[in-house]
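input25.txt follows (compact mmCIF, C-alpha atoms):
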```txt
# COMPACT_ATOMS: atom_id res chain seq x y z
CA MET A 1 -101.06 2.05 -117.58
CA CYS A 2 -99.95 -1.03 -115.75
CA HIS A 3 -97.75 -2.05 -118.70
CA TYR A 4 -96.23 1.44 -118.79
CA LYS A 5 -95.18 1.22 -115.11
CA SER A 6 -93.65 -2.21 -115.63
CA TYR A 7 -91.55 -0.99 -118.52
CA SER A 8 -90.55 2.08 -116.49
CA TYR A 9 -89.25 -0.08 -113.65
CA LEU A 10 -87.36 -2.28 -116.09
CA PHE A 11 -85.80 0.79 -117.70
CA VAL A 12 -84.67 2.17 -114.32
CA PHE A 13 -83.27 -1.23 -113.34
CA PHE A 14 -81.38 -1.40 -116.64
CA LEU A 15 -79.84 2.04 -115.97
CA ILE A 16 -78.79 1.07 -112.45
CA ILE A 17 -77.02 -2.15 -113.34
CA ASN A 18 -75.21 -0.47 -116.21
CA LEU A 19 -74.16 2.66 -114.33
CA VAL A 20 -72.90 0.97 -111.13
CA PRO A 21 -69.15 0.18 -111.48
CA ARG A 22 -68.54 -3.54 -111.81
CA THR A 23 -65.51 -5.78 -112.06
CA THR A 24 -65.79 -8.08 -115.03
CA ILE A 25 -63.62 -11.09 -115.73
CA PRO A 26 -62.92 -11.81 -119.39
CA ALA A 27 -64.12 -15.26 -120.41
CA GLU A 28 -60.66 -16.26 -121.64
CA ILE A 29 -59.15 -16.13 -118.13
CA SER A 30 -61.82 -18.27 -116.52
CA SER A 31 -60.03 -21.53 -115.64
CA PRO A 32 -61.44 -24.92 -114.61
CA LEU A 33 -60.21 -26.46 -111.37
CA LYS A 34 -57.54 -28.65 -112.93
CA PRO A 35 -53.82 -28.43 -112.05
CA ASP A 36 -52.81 -29.02 -115.68
CA THR A 37 -54.73 -25.94 -116.85
CA ALA A 38 -52.84 -23.77 -119.34
CA TYR A 39 -51.70 -20.29 -118.31
CA THR A 40 -54.35 -17.61 -118.92
CA ALA A 41 -51.98 -14.63 -118.82
CA LYS A 42 -51.79 -12.07 -121.60
CA LYS A 43 -48.76 -12.91 -123.78
CA SER A 44 -46.53 -10.28 -125.36
CA GLU A 45 -43.04 -9.49 -126.71
CA PRO A 46 -41.83 -12.98 -127.67
CA VAL A 47 -38.08 -13.54 -127.81
CA THR A 48 -36.42 -16.58 -129.35
CA HIS A 49 -33.28 -17.70 -127.51
CA GLU A 50 -30.66 -20.09 -128.85
CA VAL A 51 -29.48 -21.93 -125.74
CA GLU A 52 -26.26 -23.86 -125.19
CA PHE A 53 -26.17 -25.19 -121.63
CA SER A 54 -23.43 -27.45 -120.27
CA ILE A 55 -22.99 -29.30 -116.98
CA ILE A 56 -19.41 -30.21 -116.07
CA VAL A 57 -19.19 -32.95 -113.45
CA THR A 58 -16.03 -34.09 -111.67
CA PRO A 59 -16.71 -37.54 -110.18
CA PRO A 60 -14.87 -38.76 -107.08
CA TYR A 61 -11.72 -40.82 -107.60
CA HIS A 62 -12.47 -44.43 -108.61
CA CYS A 63 -16.19 -43.70 -109.03
CA LYS A 64 -17.95 -46.75 -110.49
CA LEU A 65 -21.20 -45.12 -111.63
CA LEU A 66 -21.88 -41.44 -112.17
CA LYS A 67 -25.54 -40.56 -112.78
CA VAL A 68 -26.74 -37.13 -113.85
CA TRP A 69 -30.36 -36.02 -114.22
CA VAL A 70 -30.88 -32.93 -116.38
CA PRO A 71 -34.27 -31.19 -116.56
CA VAL A 72 -35.71 -31.07 -120.07
CA PRO A 73 -37.75 -27.87 -120.68
CA GLN A 74 -41.17 -28.47 -122.20
CA SER A 75 -43.39 -26.45 -124.50
CA ASP A 76 -46.54 -24.88 -123.10
CA THR A 77 -48.54 -21.68 -123.60
CA ALA A 78 -45.66 -19.60 -122.17
CA GLN A 79 -42.69 -21.14 -124.00
CA LYS A 80 -41.99 -23.14 -127.14
CA ILE A 81 -39.03 -25.53 -127.23
CA GLU A 82 -37.52 -26.78 -130.51
CA ASP A 83 -34.38 -28.48 -131.86
CA SER A 84 -33.44 -30.13 -128.57
CA LEU A 85 -30.13 -32.03 -128.79
CA PHE A 86 -27.94 -33.59 -126.06
CA SER A 87 -24.27 -34.49 -126.38
CA THR A 88 -21.57 -35.68 -123.96
CA PHE A 89 -17.75 -35.48 -123.75
CA PRO A 90 -15.40 -37.30 -123.46
CA LYS A 91 -17.59 -40.38 -122.96
CA ASN A 92 -20.38 -40.77 -125.48
CA VAL A 93 -23.55 -41.55 -123.49
CA GLU A 94 -27.15 -41.60 -124.69
CA PRO A 95 -29.67 -40.39 -122.09
CA GLN A 96 -32.81 -42.10 -120.88
CA ILE A 97 -35.61 -39.53 -121.04
CA SER A 98 -38.56 -39.96 -118.66
CA SER A 99 -41.29 -37.95 -116.93
CA GLU A 100 -42.01 -38.14 -113.22
CA PRO A 101 -45.72 -38.72 -112.49
CA ILE A 102 -46.57 -36.06 -109.88
CA TYR A 103 -45.79 -32.78 -111.65
CA GLY A 104 -44.89 -34.07 -115.11
CA ASN A 105 -41.29 -32.84 -114.95
CA ARG A 106 -39.16 -34.36 -117.70
CA PHE A 107 -35.55 -35.48 -117.20
CA ALA A 108 -32.67 -36.77 -119.30
CA CYS A 109 -30.71 -39.27 -117.20
CA PHE A 110 -27.08 -40.03 -118.10
CA GLU A 111 -25.11 -42.99 -116.71
CA PHE A 112 -21.31 -42.83 -116.92
CA HIS A 113 -19.75 -46.19 -115.98
CA GLU A 114 -16.26 -45.90 -114.51
CA PRO A 115 -15.72 -42.32 -115.62
CA HIS A 116 -12.18 -40.98 -115.66
CA GLY A 117 -11.97 -37.24 -115.13
CA ALA A 118 -14.66 -34.64 -115.69
CA GLN A 119 -17.67 -35.41 -117.88
CA ILE A 120 -19.46 -32.71 -119.85
CA ILE A 121 -23.15 -32.84 -120.80
CA THR A 122 -24.34 -30.20 -123.25
CA HIS A 123 -27.94 -29.41 -124.14
CA ARG A 124 -28.57 -27.25 -127.19
CA PHE A 125 -32.07 -26.08 -128.01
CA GLN A 126 -34.18 -23.14 -129.11
CA ALA A 127 -36.69 -21.49 -126.76
CA LYS A 128 -39.33 -18.96 -127.73
CA VAL A 129 -40.50 -17.22 -124.56
CA TRP A 130 -43.17 -14.59 -123.93
CA ASN A 131 -43.79 -11.94 -121.29
CA LEU A 132 -46.81 -13.02 -119.25
CA ASN A 133 -49.14 -10.52 -117.57
CA TRP A 134 -52.06 -11.90 -115.58
CA GLN A 135 -53.48 -8.47 -114.72
CA LEU A 136 -54.96 -10.10 -111.63
CA GLU A 137 -57.38 -8.09 -109.53
CA PRO A 138 -57.20 -9.45 -105.95
CA GLU A 139 -60.86 -8.77 -105.20
CA THR A 140 -61.90 -11.10 -108.04
CA VAL A 141 -60.06 -14.16 -106.66
CA THR A 142 -62.66 -16.72 -105.61
CA THR A 143 -62.50 -19.03 -102.59
CA VAL A 144 -62.59 -22.79 -103.04
CA SER A 145 -63.79 -24.84 -100.08
CA ASN A 146 -63.11 -28.29 -101.50
CA TRP A 147 -60.31 -28.67 -104.02
CA PRO A 148 -60.34 -31.67 -106.39
CA ASP A 149 -58.05 -34.54 -105.38
CA GLN A 150 -55.59 -33.69 -108.18
CA PHE A 151 -54.51 -30.62 -106.19
CA ALA A 152 -53.30 -32.67 -103.19
CA PRO A 153 -49.56 -32.32 -104.07
CA TYR A 154 -49.99 -28.52 -104.18
CA LEU A 155 -51.87 -28.22 -100.89
CA THR A 156 -49.65 -30.12 -98.43
CA PRO A 157 -47.41 -27.61 -96.59
CA GLN A 158 -43.80 -28.41 -95.83
CA THR A 159 -43.44 -29.71 -92.27
CA ILE A 160 -42.53 -26.73 -90.09
CA GLN A 161 -40.25 -27.34 -87.10
CA ASP A 162 -41.25 -24.24 -85.16
CA GLN A 163 -45.01 -24.48 -85.41
CA GLN A 164 -45.61 -21.86 -82.72
CA GLN A 165 -43.70 -19.21 -84.65
CA PHE A 166 -45.32 -20.25 -87.93
CA GLN A 167 -48.83 -20.00 -86.50
CA GLN A 168 -48.02 -16.58 -85.04
CA VAL A 169 -46.94 -15.39 -88.48
CA LEU A 170 -50.09 -16.80 -90.08
CA LYS A 171 -52.11 -14.98 -87.42
CA GLN A 172 -50.36 -11.70 -88.28
CA ILE A 173 -51.09 -12.26 -91.94
CA GLY A 174 -54.73 -13.03 -91.17
CA LYS A 175 -55.14 -9.78 -89.23
CA ALA A 176 -53.64 -7.79 -92.11
CA THR A 177 -55.81 -9.39 -94.77
CA GLU A 178 -58.47 -7.05 -96.13
CA LYS A 179 -61.47 -7.84 -98.27
CA LYS A 180 -59.81 -6.30 -101.33
CA ASN A 181 -56.74 -8.57 -101.00
CA HIS A 182 -56.43 -12.34 -100.76
CA GLY A 183 -54.29 -13.81 -97.97
CA LEU A 184 -51.46 -14.71 -100.32
CA THR A 185 -50.89 -11.01 -101.01
CA GLN A 186 -50.35 -10.42 -97.31
CA ALA A 187 -48.01 -13.42 -97.12
CA MET A 188 -45.88 -11.86 -99.85
CA ASN A 189 -45.93 -8.54 -97.97
CA TRP A 190 -44.76 -10.29 -94.79
CA ILE A 191 -41.88 -12.00 -96.61
CA ASP A 192 -40.86 -8.73 -98.25
CA GLN A 193 -40.78 -6.99 -94.86
CA ASN A 194 -39.06 -9.76 -92.89
CA LEU A 195 -36.59 -11.59 -95.17
CA THR A 196 -33.16 -10.39 -96.28
CA TYR A 197 -31.67 -11.56 -99.59
CA ASP A 198 -28.48 -13.53 -98.89
CA HIS A 199 -26.63 -15.99 -101.16
CA ILE A 200 -24.18 -17.08 -98.47
CA ASN A 201 -26.82 -18.08 -95.93
CA ALA A 202 -29.27 -19.88 -98.23
CA SER A 203 -30.72 -23.38 -98.39
CA LEU A 204 -30.86 -23.94 -102.19
CA GLN A 205 -33.83 -26.22 -101.38
CA ALA A 206 -36.89 -23.94 -101.19
CA ASP A 207 -36.77 -24.60 -97.45
CA ALA A 208 -39.49 -22.83 -95.47
CA ASN A 209 -37.77 -23.78 -92.19
CA HIS A 210 -34.53 -22.06 -93.22
CA ALA A 211 -36.38 -18.92 -94.30
CA LEU A 212 -38.54 -18.79 -91.18
CA SER A 213 -35.71 -19.35 -88.68
CA LYS A 214 -32.89 -17.46 -90.39
CA ARG A 215 -35.03 -14.76 -92.06
CA ARG A 216 -32.44 -14.89 -94.83
CA GLY A 217 -31.87 -16.69 -98.11
CA HIS A 218 -32.37 -16.19 -101.81
CA CYS A 219 -35.20 -16.85 -104.27
CA SER A 220 -35.51 -20.49 -103.24
CA ASP A 221 -36.12 -19.65 -99.59
CA TYR A 222 -38.42 -16.70 -100.28
CA HIS A 223 -40.65 -18.71 -102.56
CA GLY A 224 -40.47 -21.93 -100.54
CA LEU A 225 -41.74 -20.11 -97.45
CA CYS A 226 -44.44 -18.24 -99.35
CA ALA A 227 -45.60 -21.47 -101.00
CA THR A 228 -45.88 -23.15 -97.59
CA MET A 229 -47.77 -20.16 -96.16
CA GLY A 230 -50.12 -20.24 -99.13
CA ARG A 231 -50.82 -23.94 -98.69
CA ALA A 232 -51.48 -23.45 -94.97
CA MET A 233 -54.10 -20.85 -95.97
CA GLY A 234 -55.72 -23.17 -98.51
CA TYR A 235 -54.12 -21.96 -101.75
CA PRO A 236 -52.51 -24.54 -104.07
CA THR A 237 -48.92 -23.41 -104.72
CA ARG A 238 -45.74 -24.63 -106.34
CA VAL A 239 -42.12 -23.48 -106.64
CA THR A 240 -41.02 -23.30 -110.27
CA TYR A 241 -37.33 -23.46 -111.20
CA GLY A 242 -35.85 -22.21 -114.44
CA LEU A 243 -33.05 -20.42 -116.24
CA ALA A 244 -32.36 -16.71 -116.52
CA LEU A 245 -31.58 -16.44 -120.24
CA TYR A 246 -28.76 -13.92 -120.04
CA PRO A 247 -25.17 -14.06 -118.73
CA LYS A 248 -24.93 -14.26 -114.94
CA ASN A 249 -22.91 -16.27 -112.44
CA SER A 250 -25.83 -18.40 -111.31
CA PRO A 251 -28.20 -19.15 -114.19
CA SER A 252 -30.90 -20.80 -112.08
CA HIS A 253 -33.73 -18.77 -110.62
CA CYS A 254 -37.07 -19.77 -109.15
CA LYS A 255 -40.51 -18.23 -108.84
CA MET A 256 -43.68 -19.17 -107.02
CA GLU A 257 -47.01 -19.99 -108.62
CA ALA A 258 -50.42 -20.08 -106.96
CA PHE A 259 -53.64 -21.43 -108.41
CA LEU A 260 -56.12 -18.58 -107.97
CA PRO A 261 -59.53 -19.05 -109.59
CA PRO A 262 -60.62 -17.76 -112.05
CA TYR A 263 -57.06 -17.04 -113.24
CA GLY A 264 -55.54 -20.49 -112.75
CA TRP A 265 -51.78 -20.63 -112.13
CA VAL A 266 -50.29 -17.18 -111.52
CA SER A 267 -46.53 -16.52 -111.30
CA TYR A 268 -44.91 -14.32 -108.65
CA ASP A 269 -41.30 -13.23 -108.11
CA ILE A 270 -41.03 -11.88 -104.57
CA SER A 271 -37.23 -11.85 -104.22
CA GLU A 272 -36.51 -10.02 -107.49
CA THR A 273 -39.21 -7.46 -106.74
CA GLN A 274 -37.68 -6.83 -103.31
CA LYS A 275 -34.23 -6.37 -104.88
CA LEU A 276 -35.67 -4.00 -107.49
CA VAL A 277 -37.41 -1.90 -104.83
CA LYS A 278 -34.20 -1.62 -102.80
CA SER A 279 -32.33 -0.56 -105.94
CA ILE A 280 -34.92 2.15 -106.57
CA GLN A 281 -34.74 3.35 -102.95
CA SER A 282 -30.94 3.68 -103.09
CA SER A 283 -30.83 5.43 -106.48
CA SER A 284 -29.30 8.91 -106.55
CA ASP A 285 -30.75 9.63 -110.02
CA LEU A 286 -34.42 9.66 -109.01
CA THR A 287 -36.51 12.23 -107.18
CA PRO A 288 -38.50 11.10 -104.12
CA GLN A 289 -41.70 11.21 -106.16
CA GLN A 290 -40.17 9.16 -108.97
CA LYS A 291 -38.95 6.61 -106.44
CA GLN A 292 -42.42 6.31 -104.95
CA ASN A 293 -44.01 5.92 -108.38
CA PHE A 294 -41.58 3.19 -109.43
CA ILE A 295 -41.90 1.34 -106.12
CA THR A 296 -45.69 1.43 -106.35
CA ALA A 297 -45.53 0.14 -109.94
CA ALA A 298 -43.09 -2.67 -109.02
CA ARG A 299 -45.26 -3.90 -106.17
CA GLN A 300 -48.40 -3.63 -108.27
CA ARG A 301 -46.76 -5.74 -110.99
CA LEU A 302 -45.91 -8.36 -108.37
CA ARG A 303 -49.49 -8.51 -107.04
CA SER A 304 -50.91 -8.65 -110.56
CA GLY A 305 -48.82 -11.66 -111.61
CA PHE A 306 -45.92 -11.37 -114.04
CA ARG A 307 -43.31 -13.56 -115.75
CA GLU A 308 -40.61 -12.25 -118.09
CA ASN A 309 -39.52 -13.33 -121.57
CA SER A 310 -35.94 -13.92 -120.38
CA TRP A 311 -36.81 -16.73 -117.94
CA LEU A 312 -37.35 -20.34 -118.99
CA LEU A 313 -39.30 -22.86 -116.91
CA LEU A 314 -37.48 -26.16 -116.22
CA THR A 315 -39.18 -27.85 -113.25
CA LYS A 316 -42.31 -27.46 -111.15
CA GLY A 317 -43.06 -28.57 -107.61
CA THR A 318 -41.26 -29.95 -104.58
CA ASP A 319 -40.67 -33.39 -103.01
CA TYR A 320 -40.90 -35.99 -105.75
CA GLU A 321 -39.14 -39.03 -107.20
CA LEU A 322 -36.90 -38.46 -110.16
CA ALA A 323 -37.46 -40.41 -113.37
CA PRO A 324 -35.77 -42.83 -113.58
CA PRO A 325 -35.56 -43.01 -109.76
CA ALA A 326 -32.52 -41.74 -107.88
CA ALA A 327 -31.28 -43.19 -104.60
CA LYS A 328 -33.83 -41.04 -102.79
CA PRO A 329 -36.54 -38.46 -103.59
CA VAL A 330 -35.48 -34.88 -104.26
CA ARG A 331 -36.73 -31.68 -102.70
CA ILE A 332 -36.23 -29.64 -105.89
CA VAL A 333 -34.07 -29.75 -109.03
CA ARG A 334 -32.48 -26.50 -110.18
CA THR A 335 -30.19 -27.21 -113.14
CA ALA A 336 -29.18 -30.83 -112.45
CA TYR A 337 -29.12 -33.60 -109.86
CA VAL A 338 -25.93 -35.68 -109.61
CA GLU A 339 -25.10 -38.96 -107.84
CA ALA A 340 -21.79 -40.82 -107.60
CA ASP A 341 -22.22 -44.47 -106.61
CA GLY A 342 -25.65 -43.68 -105.18
CA VAL A 343 -24.57 -40.64 -103.13
CA ALA A 344 -25.73 -37.14 -104.12
CA LEU A 345 -22.92 -34.73 -104.91
CA PRO A 346 -23.06 -31.30 -103.22
CA GLU A 347 -25.03 -28.72 -105.16
CA PRO A 348 -23.07 -25.62 -106.19
CA ASP A 349 -24.13 -22.02 -105.69
CA PRO A 350 -21.83 -19.95 -107.93
CA ALA A 351 -23.35 -16.76 -106.52
CA ASN A 352 -21.97 -17.62 -103.07
CA ILE A 353 -18.67 -15.72 -102.94
CA ASN A 354 -17.47 -17.88 -100.03
CA GLN A 355 -17.80 -21.15 -101.95
CA ARG A 356 -14.62 -22.18 -103.73
CA GLU A 357 -15.01 -25.91 -104.38
CA PHE A 358 -17.53 -27.48 -106.73
CA SER A 359 -18.14 -31.11 -107.60
CA TRP A 360 -20.06 -29.91 -110.64
CA MET A 361 -20.75 -26.60 -112.36
CA THR A 362 -22.72 -25.18 -115.28
CA SER A 363 -21.58 -23.24 -118.31
CA HIS A 364 -24.08 -21.43 -120.51
CA ARG A 365 -24.46 -19.27 -123.59
CA TYR A 366 -27.63 -17.62 -124.88
CA THR A 367 -28.23 -15.80 -128.15
CA ALA A 368 -31.51 -13.88 -128.53
CA ASP A 369 -33.09 -13.00 -131.86
CA ARG A 370 -33.59 -9.42 -130.72
CA PRO A 371 -32.74 -7.14 -127.77
CA PHE A 372 -34.95 -7.48 -124.70
CA LYS A 373 -35.37 -5.56 -121.48
CA LYS A 374 -34.73 -7.04 -118.05
CA PRO A 375 -37.85 -6.12 -116.07
CA PHE A 376 -36.15 -6.39 -112.68
CA LYS A 377 -33.33 -4.08 -113.79
CA ASP A 378 -34.84 -1.72 -116.37
CA LEU A 379 -37.22 0.83 -114.82
CA SER A 380 -38.75 1.64 -118.20
CA THR A 381 -40.60 -1.68 -118.00
CA LEU A 382 -42.62 -0.29 -115.10
CA ASN A 383 -44.17 2.40 -117.33
CA ARG A 384 -44.00 5.09 -114.67
CA ASP A 385 -42.35 8.54 -114.67
```

Translate this structure into structure tokens?
Amino acid sequence: MCHYKSYSYLFVFFLIINLVPRTTIPAEISSPLKPDTAYTAKKSEPVTHEVEFSIIVTPPYHCKLLKVWVPVPQSDTAQKIEDSLFSTFPKNVEPQISSEPIYGNRFACFEFHEPHGAQIITHRFQAKVWNLNWQLEPETVTTVSNWPDQFAPYLTPQTIQDQQQFQQVLKQIGKATEKKNHGLTQAMNWIDQNLTYDHINASLQADANHALSKRRGHCSDYHGLCATMGRAMGYPTRVTYGLALYPKNSPSHCKMEAFLPPYGWVSYDISETQKLVKSIQSSSDLTPQQKQNFITAARQRLRSGFRENSWLLLTKGTDYELAPPAAKPVRIVRTAYVEADGVALPEPDPANINQREFSWMTSHRYTADRPFKKPFKDLSTLNRD
């Protein structure tokens, strides 16, 4: 009789634990606490792009030494790079290729001695890129009290000039944080509600101070501020710069990544999601209910972590020495970093309609092996009616 009761209790316990709803985390997305951990996102819809990317630099008159650092994209679980080839015109210069030690970014450095007129550097390569979906569930993100030392570069916030305002914002975010959401979600919500997309009034440097004081900027400022907020809350973050692999005035675009156990590095695009939502809100072709459905889907995709197959990662991180070293450390590198006789040349923003003079510019051509959808333009990618 005693054995019968024991088995009965075990049977009831078995029913309870199997009937109560639970959140399970697939083993394949469980990541160790290492910053070089591979992406754990679900990969889909690969597209192979033939890339021809040129940088045209006009050195100052009587320049003795023109130096150009060009990011070299690397293969990882999200992208595969093949057939990489550099060429220069009119001077024939072979690059020195090195990796900087903090984030592992790889650069081709070109030295043009006594250049006369514009110099053109062209990089041709093939890139196979996947859509990445992390399918992150905020309530499953775990808290880490003591991060390993390797995460130090991803945990130091940018120095904020107006600390009082910054702390007030962090306090607002803290009050809005619920158990079902991690603090980074609320930081993204705050940025979405308080920043206005603006190419004319932008820093180009992932500058949290610019974004916080001006409340304006483009992807660089949105993601630089969010990364700094995340670090202040104890989340390792990094700004990632890359190329949009389709014709547009400014090919560079950045995203933000946060290391969120057990998912590892997760990619977010706050600025493009905000622009997509505003486009949906202003559409005259959608009913109010359709608008709400699409907006909900767009914001859910942001929170879940997403990266598209038409974006190629070039560089990761902020504040590091170039390899080989430049005259001074850089904040970020978008498509190139250029020095003339040890002085950095102004960085262009071709999307700024008020800017008319450029010391250097990029030219680009991409050929995909099949048609692909642009997820921040095409509403069908949101899978909502």

Q) What is the distance, in Å and to one decimal place, between atom CA of A:Ala351 and atom CA of A:Ala244? A) 13.5 Å

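Among A:Thr140, A:Ser252, A:Asn293, A:Gln96, the residue with the shortest atom-to-atom distance to A:Met361, counting all atoms listed in the file, is A:Ser252.
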
Go through stretch 204-285 of chain A and flag each residue having an atom no more than 7 Å from stretch 38-41 of chain A; for those, report the closest pair of atoms plus their distance in Å to one decimal, using only C-alpha atoms, ordered by chain and rising number, as JSON lines.
```
{"residue": "A:Tyr263", "atom": "CA", "partner": "A:Thr40", "partner_atom": "CA", "distance": 6.3}
{"residue": "A:Gly264", "atom": "CA", "partner": "A:Tyr39", "partner_atom": "CA", "distance": 6.8}
{"residue": "A:Trp265", "atom": "CA", "partner": "A:Tyr39", "partner_atom": "CA", "distance": 6.2}
```

Output file for the selection above: C-alpha atoms, as a PDB file, in the coordinates of the input:
```pdb
ATOM      1  CA  TYR A 263     -57.060 -17.040-113.240  1.00  0.00           C
ATOM      2  CA  GLY A 264     -55.540 -20.490-112.750  1.00  0.00           C
ATOM      3  CA  TRP A 265     -51.780 -20.630-112.130  1.00  0.00           C
TER       4      TRP A 265
END
```

**Q.** Distance criterion (all atoms listed in the file): nearest to A:Trp69 out of A:Leu345, A:Leu243, A:Ala258, A:Ala152
**A.** A:Leu345

Q: Excluding A:Ala336 and any residue of its chain fewer than 5 positions from it, enumerate the residues within 10 Å of it, using all atoms listed in the file, and give them as a PyMOL selection string.
A: chain A and resi 55+68-71+107-109+347+360-362

**Q.** Sel. within 12 Å of pt (-54.2, -21.6, -115.4), counting all atoms listed in the file, output as a VMD selection string
**A.** chain A and resid 28 to 42 76 to 78 132 134 236 257 to 267 305

Q. Which is closest to A:Pro95 among A:Ala344, A:Pro138, A:Thr240, A:Pro324, if we use all atoms listed in the file?
A. A:Pro324

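With all atoms listed in the file as the basis for measurement, A:Leu313 is the residue among A:Leu212, A:Cys63, A:Leu313, A:Leu184 that approaches A:Tyr241 most closely.
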
Q | Ref. answer, residues at most 10 Å from (-44.6, -29.8, -93.4) with all atoms listed in the file, as a PyMOL selection string | A | chain A and resi 156-161+163+208-209+228+232

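Computed from the coordinates, the atom CA of A:Leu312 to atom CA of A:Phe86 distance equals 17.7 Å.
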
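Restricting the calculation to all atoms listed in the file, the smallest distance between A:Lys80 and any of A:Val47, A:Val141, A:Ala298, A:Leu195 is found for A:Val47.
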
Q: Fewer than 6 positions away in the same chain doesn't count, so skip those; otherwise give me all residues within 10 Å of A:Ser279, counting all atoms listed in the file, as a ChimeraX atom specification.
A: /A:273,291,295,376-377

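The spacing separating atom CA of A:Gly117 from atom CA of A:Val338 amounts to 15.1 Å.
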
Reconstruct all heavy atoms of stretch 203-208 of chain A; output as a PDB file, in the coordinates of the input.
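Here's the written file part.pdb:
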```pdb
ATOM      1  N   SER A 203     -30.533 -21.930 -98.455  1.00  0.00           N
ATOM      2  CA  SER A 203     -30.720 -23.380 -98.390  1.00  0.00           C
ATOM      3  C   SER A 203     -30.558 -24.076 -99.739  1.00  0.00           C
ATOM      4  O   SER A 203     -30.236 -25.260 -99.787  1.00  0.00           O
ATOM      5  CB  SER A 203     -32.112 -23.707 -97.842  1.00  0.00           C
ATOM      6  OG  SER A 203     -33.117 -23.465 -98.824  1.00  0.00           O
ATOM      7  N   LEU A 204     -30.826 -23.376-100.842  1.00  0.00           N
ATOM      8  CA  LEU A 204     -30.860 -23.940-102.190  1.00  0.00           C
ATOM      9  C   LEU A 204     -31.967 -24.986-102.358  1.00  0.00           C
ATOM     10  O   LEU A 204     -32.037 -25.662-103.385  1.00  0.00           O
ATOM     11  CB  LEU A 204     -29.524 -24.585-102.595  1.00  0.00           C
ATOM     12  CG  LEU A 204     -28.274 -23.715-102.595  1.00  0.00           C
ATOM     13  CD1 LEU A 204     -27.071 -24.537-103.050  1.00  0.00           C
ATOM     14  CD2 LEU A 204     -28.450 -22.509-103.507  1.00  0.00           C
ATOM     15  N   GLN A 205     -32.850 -25.134-101.364  1.00  0.00           N
ATOM     16  CA  GLN A 205     -33.830 -26.220-101.380  1.00  0.00           C
ATOM     17  C   GLN A 205     -35.267 -25.747-101.179  1.00  0.00           C
ATOM     18  O   GLN A 205     -36.126 -26.545-100.808  1.00  0.00           O
ATOM     19  CB  GLN A 205     -33.475 -27.237-100.281  1.00  0.00           C
ATOM     20  CG  GLN A 205     -32.163 -27.964-100.516  1.00  0.00           C
ATOM     21  CD  GLN A 205     -32.227 -28.858-101.744  1.00  0.00           C
ATOM     22  OE1 GLN A 205     -33.085 -29.721-101.855  1.00  0.00           O
ATOM     23  NE2 GLN A 205     -31.305 -28.647-102.671  1.00  0.00           N
ATOM     24  N   ALA A 206     -35.543 -24.476-101.410  1.00  0.00           N
ATOM     25  CA  ALA A 206     -36.890 -23.940-101.190  1.00  0.00           C
ATOM     26  C   ALA A 206     -37.391 -24.307 -99.795  1.00  0.00           C
ATOM     27  O   ALA A 206     -38.530 -24.734 -99.611  1.00  0.00           O
ATOM     28  CB  ALA A 206     -37.857 -24.453-102.269  1.00  0.00           C
ATOM     29  N   ASP A 207     -36.530 -24.129 -98.821  1.00  0.00           N
ATOM     30  CA  ASP A 207     -36.770 -24.600 -97.450  1.00  0.00           C
ATOM     31  C   ASP A 207     -37.465 -23.536 -96.610  1.00  0.00           C
ATOM     32  O   ASP A 207     -36.859 -22.531 -96.232  1.00  0.00           O
ATOM     33  CB  ASP A 207     -35.446 -25.009 -96.819  1.00  0.00           C
ATOM     34  CG  ASP A 207     -35.622 -25.694 -95.472  1.00  0.00           C
ATOM     35  OD1 ASP A 207     -36.769 -25.804 -95.013  1.00  0.00           O
ATOM     36  OD2 ASP A 207     -34.610 -26.109 -94.884  1.00  0.00           O
ATOM     37  N   ALA A 208     -38.734 -23.769 -96.286  1.00  0.00           N
ATOM     38  CA  ALA A 208     -39.490 -22.830 -95.470  1.00  0.00           C
ATOM     39  C   ALA A 208     -38.911 -22.718 -94.066  1.00  0.00           C
ATOM     40  O   ALA A 208     -38.952 -21.652 -93.447  1.00  0.00           O
ATOM     41  CB  ALA A 208     -40.957 -23.251 -95.407  1.00  0.00           C
TER      42      ALA A 208
END
```
